[in-house]
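**Q** For reference, the structure I am asking about is given below.
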Amino acid sequence: MTIPWRVRAGAWMGRRIEDDLDARMETTLTAVAEQALRGGTRAGLEALLKASLRLTGATGAALYEGRLCVMKVGNVPARRAQATDKKKRPSVLEVWPAPLTTSQRSVVARFSAFAPALLAAHAREVAQGARQARLLEAKLRLERTVMAQDKRRSRASHDLRTPLMVIKGYVDMMLKGTGGPLSAQAQRYLERIAKVSADQKDLIDRRLSPPVPGLEDLRPVLEHAFAPVKGRATPTLTLPGERTVPVRGTRADWELLARTLAKGTAGAVAVDVHLGPALEASQWLLRVQACPGAALTARTQAVLQQLAGRLGGTLAVAVEPRLEITLLLPGDDAFPVPAHR
């Protein structure tokens with residue numbers, strides 16, 4: 001039996017040639033992985049191809065995904081060597097000329113097993129880059145839209161306030177008697193015009209003033225969620241007399257909270273919704289009572305608990321003697337909650 005040359009060479013050197021080659025391949029793959037981590041997956045793929053040329057002595061190498069060439073280094077022919085054999089599964093890594101020795105085939109096989117991980121990471125990197133580009137484009141588009149809306153709001157505010165201020169100035173002049181004495185009927189007309197002008201100014205200020213970021217008014221959200229619906233008891237809403245109830249959080253979360261409360265008490269005969277200052281300063285108290293007191297489902301209560309925690313509040317649910325849902329919600333520091341009476 002003839003002793004293989006690797007065994008003879010390893011005996012003279014004191015180690016196996018295969019062990020030395022395996023160690024070099026593992027060291028090379030570790031270096032390729034570090035290169036991909038530091039410089040990106042494309043740099044890692046290029047390092048893998050150059051390492052395959054160095055370890056196999058080939059003049060060209062290419063990486064493929066199916067029949068698509070992802071990257072190539074060196075002298076690569078125009079057509080794949082395996083393209084003619086349709087039954088054979090195409091290789092991920094190919095080198096030219098084809099490997100002849102066992103060690104060369106071992107390097108190609110080991111690198112081919114490692115290449116799919118790099119290709120998958122490269123695909124994710126490309127997808128993330130495309131997603132980032134789409135998000136950036138959407139962000140720029142939204143910024144342009146907001147700027148255009150601000151300009152339109154500013155022009156609308158100017159166009160509405162200018163004639164209103166003219167009317168207000170003329171009415172003030174007439175009420176001060178600049179144009180002579182007024183009859184009682186003219187006095188009433190002018191006072192009514194002055195009142196309507198003031199109301200119109202307040203309406204313009206509310207509708208066209210820039211919104212305060214991070215603030216939401218809770219009153220219209222509750223009024224919309226507990227609006228009268230045919231076939232269901234009309235809820236009784238007790239809301240503060242203030243113009244707004246400012247709270248922190250996104251409008252979508254507040255609307256989902258109000259809809260969940262309304263849906264959870266939809267089957268009750270009578271529903272009472274109370275919103276007002278809590279005993280503790282800087283908090284609002286939202287209490288929903290339903291009679292008869294049917295218990296909330298576990299899913300509904302879990303959704304309410306999650307929303308209350310997300311909005312910075314606390315939730316308490318009582319079933320006896322009737323269903324009572326109590327939420328303590330934080331107000332906004334810029335608009336203090338009125339003292340509890």
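All residue names refer to the structure tokens as shown: chains lettered A, B, ... in order, residues numbered from 1 in each chain, ligands numbered from 1 in order.
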List every residue of range 55-279 of chain A that DSSP, applied to the backbone of this structure, places in helix (DSSP H, G or I), and write the result as a count of residues only.
**A** 123
**Q** Would you write out, as CSV, a table of all residues in range 61-175 of chain A that have an atom no more than 8 Å from an atom of range 181-205 of chain A, listing for each the closest atom pair and the distance in Å to one decimal, considering only C-alpha atoms and ordering rows by chain and rising residue number?
**A**
```
residue,atom,partner,partner_atom,distance
A:Ser157,CA,A:Ile204,CA,7.1
A:Leu160,CA,A:Ile204,CA,7.7
A:Arg161,CA,A:Lys201,CA,7.3
A:Leu164,CA,A:Ser197,CA,6.7
A:Ile167,CA,A:Ser197,CA,7.7
A:Lys168,CA,A:Ala194,CA,6.4
A:Val171,CA,A:Leu190,CA,6.2
A:Asp172,CA,A:Ala194,CA,7.8
A:Met174,CA,A:Leu190,CA,7.8
A:Leu175,CA,A:Leu190,CA,7.1
```
**Q** Fewer than 5 positions away in the same chain doesn't count, so skip those; otherwise give me all residues within 12 Å of Ser52 in chain A, counting only C-alpha atoms, as a PyMOL selection string.
**A** chain A and resi 24-25+28-29+32+45-47+57-63+72-74+93-96+99+103-112+114-115
**Q** So which residues of range 85-277 of chain A fall under strand (DSSP E) by DSSP, listed as a PyMOL selection string?
**A** chain A and resi 93-96+215-217+236-238+246-248+270-277
**Q** Just checking: using only C-alpha atoms, which residue out of A:Val221, A:Leu208, A:Met165, A:Ala233 ends up closest to Gln149 in chain A?
**A** A:Leu208
**Q** Can you work out the spacing between CA of Leu257 in chain A and CA of Leu218 in chain A in Å, to one decimal?
**A**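 Separation between CA of Leu257 in chain A and CA of Leu218 in chain A: 10.7 Å.
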**Q** Let me make sure I understand: among A:Ala308, A:Ala252, A:Ala258, A:Val247, which one has the smallest atom-to-atom distance to Ala225 in chain A if we use only C-alpha atoms?
**A**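 When distances to Ala225 in chain A are compared using only C-alpha atoms, the smallest one comes from A:Ala258.
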**Q** Smallest atom-to-atom distance to Gln306 in chain A: which of A:Ala98, A:Leu68, A:Val166, A:Leu256, using only C-alpha atoms?
**A**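 Looking only at the distances to Gln306 in chain A, the closest residue turns out to be A:Leu256.
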**Q** Give me, please, the distance in Å between CA of Ser282 in chain A and CA of Leu328 in chain A, quoted to one decimal.
**A**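 For CA of Ser282 in chain A relative to CA of Leu328 in chain A, the distance reads 10.1 Å.
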**Q** May I have the residues within 6 Å of Thr326 in chain A as a list in words, using only C-alpha atoms and disregarding those fewer than 3 positions away in the same chain?
**A**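 So, after excluding close chain neighbours, the residues are Leu286, Arg287, Leu315 and Ala316 of chain A.
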**Q** List as a list of chain:residue names the protein and nucleic acid residues near Glu223 in chain A, meaning an atom at most 12 Å away when only C-alpha atoms are counted, but skip any in the same chain fewer than 5 places from it.
**A**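 Returned residues: A:Asp217, A:Leu218, A:Pro228, A:Thr234, A:Pro235, A:Thr236, A:Leu237, A:Thr238, A:Leu239, A:Glu255, A:Ala258, A:Arg259, A:Ala262, A:Val273, A:His274, A:Leu275.
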**Q** Find the distance between CA of Arg141 in chain A and CA of Arg155 in chain A and write it in Å to one decimal.
**A** 21.2 Å
